[in-house]
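**Student:** So that we are looking at the same thing, I have put the structure below in structure tokens.
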Amino acid sequence: PPDGRAVRAGVQLLEELGALVPAAGNRREGPRLTGVGRKLARLPIDPRFGRMILEADAQACVREVLVVAAALSIQDVRERPTGKEAEADELHARFADPDSDFMAVLNLWHYLETEQRARSSSAFRRLCRAEHLHHVRVREWQDLLRQLRDVAAELGIRRTGQAATPEAVH
């Protein structure tokens, strides 16, 4: 069986996220799943990131938060090969945002979207290699984002047509 501390920590996290409510008096019943918990259970990512998506619906920034949540759920697509750290840092610095790592992720996403549309698949793969971006992880990011969009739509979470402000994303 799992360690009792890990189970308690998981239950506490789900209570903090609003996914569970403690049992009222009767310890044998245990905590109850909330509506938020039912939605989080449908999202194929860490509940913390899923909760970000649910809140994004209220803040009208679903499109952006889906991208960020997917990026946080996978290994970073940016690579720093041994001996080429400075070159990689220089290439990746153009996506940086002085105020927000989330916005830097979005800048990278928009760049990748634009470049992928403009190139063949092999040319896009070469671009990723030249710019120290892991092509397989980029594909994983795209696939996870597609899954999140599908599940979000099933849950009634709709993306707005306009870009969200950085304040809404945060």
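We name chains A, B, ... following the order of the structure tokens; residues begin at 1 in each chain, and ligands are numbered from 1 as shown.
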What parts of stretch 1-106 of chain A does DSSP call helix (DSSP H, G or I)? I'd like the answer as number ranges by chain.

**Tutor:** A: 4-16, 35-42, 47-59, 62-73, 85-93, 101-106

**Student:** Output C-alpha atoms for every residue in the selection just made, as a JSON list (two decimals), in the first residue's frame.

**Tutor:**
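Dumped to part_39.json:
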[["chain", "number", "residue", "atom", "x", "y", "z"],
["A", 4, "GLY", "CA", -0.01, 7.01, 4.61],
["A", 5, "ARG", "CA", 1.72, 10.40, 4.54],
["A", 6, "ALA", "CA", 1.58, 10.45, 0.74],
["A", 7, "VAL", "CA", -2.13, 9.61, 0.79],
["A", 8, "ARG", "CA", -2.83, 12.34, 3.38],
["A", 9, "ALA", "CA", -0.80, 14.85, 1.35],
["A", 10, "GLY", "CA", -2.76, 13.93, -1.79],
["A", 11, "VAL", "CA", -6.09, 14.29, -0.03],
["A", 12, "GLN", "CA", -5.00, 17.62, 1.46],
["A", 13, "LEU", "CA", -3.95, 18.89, -1.98],
["A", 14, "LEU", "CA", -7.30, 17.87, -3.49],
["A", 15, "GLU", "CA", -9.13, 19.63, -0.63],
["A", 16, "GLU", "CA", -7.06, 22.79, -1.22],
["A", 35, "GLY", "CA", -17.98, 19.26, -9.15],
["A", 36, "VAL", "CA", -14.47, 20.68, -9.50],
["A", 37, "GLY", "CA", -13.10, 17.26, -8.55],
["A", 38, "ARG", "CA", -15.18, 15.56, -11.23],
["A", 39, "LYS", "CA", -13.81, 17.95, -13.85],
["A", 40, "LEU", "CA", -10.23, 17.56, -12.62],
["A", 41, "ALA", "CA", -10.57, 13.79, -12.83],
["A", 42, "ARG", "CA", -11.32, 14.10, -16.55],
["A", 47, "PRO", "CA", -4.58, 18.27, -10.67],
["A", 48, "ARG", "CA", -2.73, 21.53, -9.95],
["A", 49, "PHE", "CA", -2.45, 22.22, -13.67],
["A", 50, "GLY", "CA", -6.01, 21.06, -14.23],
["A", 51, "ARG", "CA", -7.19, 23.54, -11.61],
["A", 52, "MET", "CA", -5.37, 26.27, -13.55],
["A", 53, "ILE", "CA", -7.44, 25.34, -16.61],
["A", 54, "LEU", "CA", -10.71, 25.43, -14.68],
["A", 55, "GLU", "CA", -9.86, 28.87, -13.28],
["A", 56, "ALA", "CA", -8.80, 30.06, -16.75],
["A", 57, "ASP", "CA", -12.39, 29.54, -17.86],
["A", 58, "ALA", "CA", -13.50, 32.11, -15.28],
["A", 59, "GLN", "CA", -10.67, 34.49, -16.23],
["A", 62, "VAL", "CA", -8.31, 29.33, -21.55],
["A", 63, "ARG", "CA", -6.36, 29.35, -24.81],
["A", 64, "GLU", "CA", -3.19, 30.61, -23.12],
["A", 65, "VAL", "CA", -3.46, 28.53, -19.94],
["A", 66, "LEU", "CA", -3.99, 25.32, -21.93],
["A", 67, "VAL", "CA", -0.64, 25.97, -23.64],
["A", 68, "VAL", "CA", 1.11, 26.72, -20.33],
["A", 69, "ALA", "CA", -0.44, 23.74, -18.51],
["A", 70, "ALA", "CA", 0.59, 21.39, -21.31],
["A", 71, "ALA", "CA", 4.13, 22.79, -21.29],
["A", 72, "LEU", "CA", 4.42, 22.37, -17.52],
["A", 73, "SER", "CA", 3.23, 18.77, -17.82],
["A", 85, "GLU", "CA", 25.07, 26.12, -23.55],
["A", 86, "ALA", "CA", 25.82, 29.76, -24.48],
["A", 87, "GLU", "CA", 24.51, 29.30, -28.02],
["A", 88, "ALA", "CA", 21.34, 27.63, -26.73],
["A", 89, "ASP", "CA", 20.83, 30.33, -24.09],
["A", 90, "GLU", "CA", 21.20, 33.03, -26.75],
["A", 91, "LEU", "CA", 18.70, 31.34, -29.06],
["A", 92, "HIS", "CA", 16.19, 30.78, -26.27],
["A", 93, "ALA", "CA", 16.59, 34.29, -24.81],
["A", 101, "ASP", "CA", 8.00, 32.63, -17.37],
["A", 102, "PHE", "CA", 4.43, 31.81, -18.42],
["A", 103, "MET", "CA", 4.56, 34.50, -21.10],
["A", 104, "ALA", "CA", 7.96, 33.16, -22.23],
["A", 105, "VAL", "CA", 6.33, 29.75, -22.73],
["A", 106, "LEU", "CA", 3.57, 31.40, -24.76]]

**Student:** Write out as a list of chain:residue names all residues of chain A that DSSP puts in strand (DSSP E or B) for this structure's backbone.

**Tutor:**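 Taking chain A and keeping strand (DSSP E or B) only, one gets A:Leu20, A:Val21, A:Arg32, A:Leu33, A:Arg78, A:Leu133.
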
**Student:** What's around A:Ser100 at 12 Å? Count only C-alpha atoms, leave out sequence neighbours fewer than 6 positions away in its own chain, and write the answer as a list of chain:residue names.

**Tutor:**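 Counting only C-alpha atoms, the residues come to A:Val68, A:Leu106, A:Asn107, A:Pro166, A:Glu167, A:Val169, A:His170.
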
**Student:** Check the smallest atom-to-atom distance from each of A:Glu115, A:Lys84, A:Leu43, A:Cys61 to A:Gln162 using only C-alpha atoms, then report the winner.

**Tutor:**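 Among A:Glu115, A:Lys84, A:Leu43, A:Cys61, it is A:Cys61 that comes nearest to A:Gln162.
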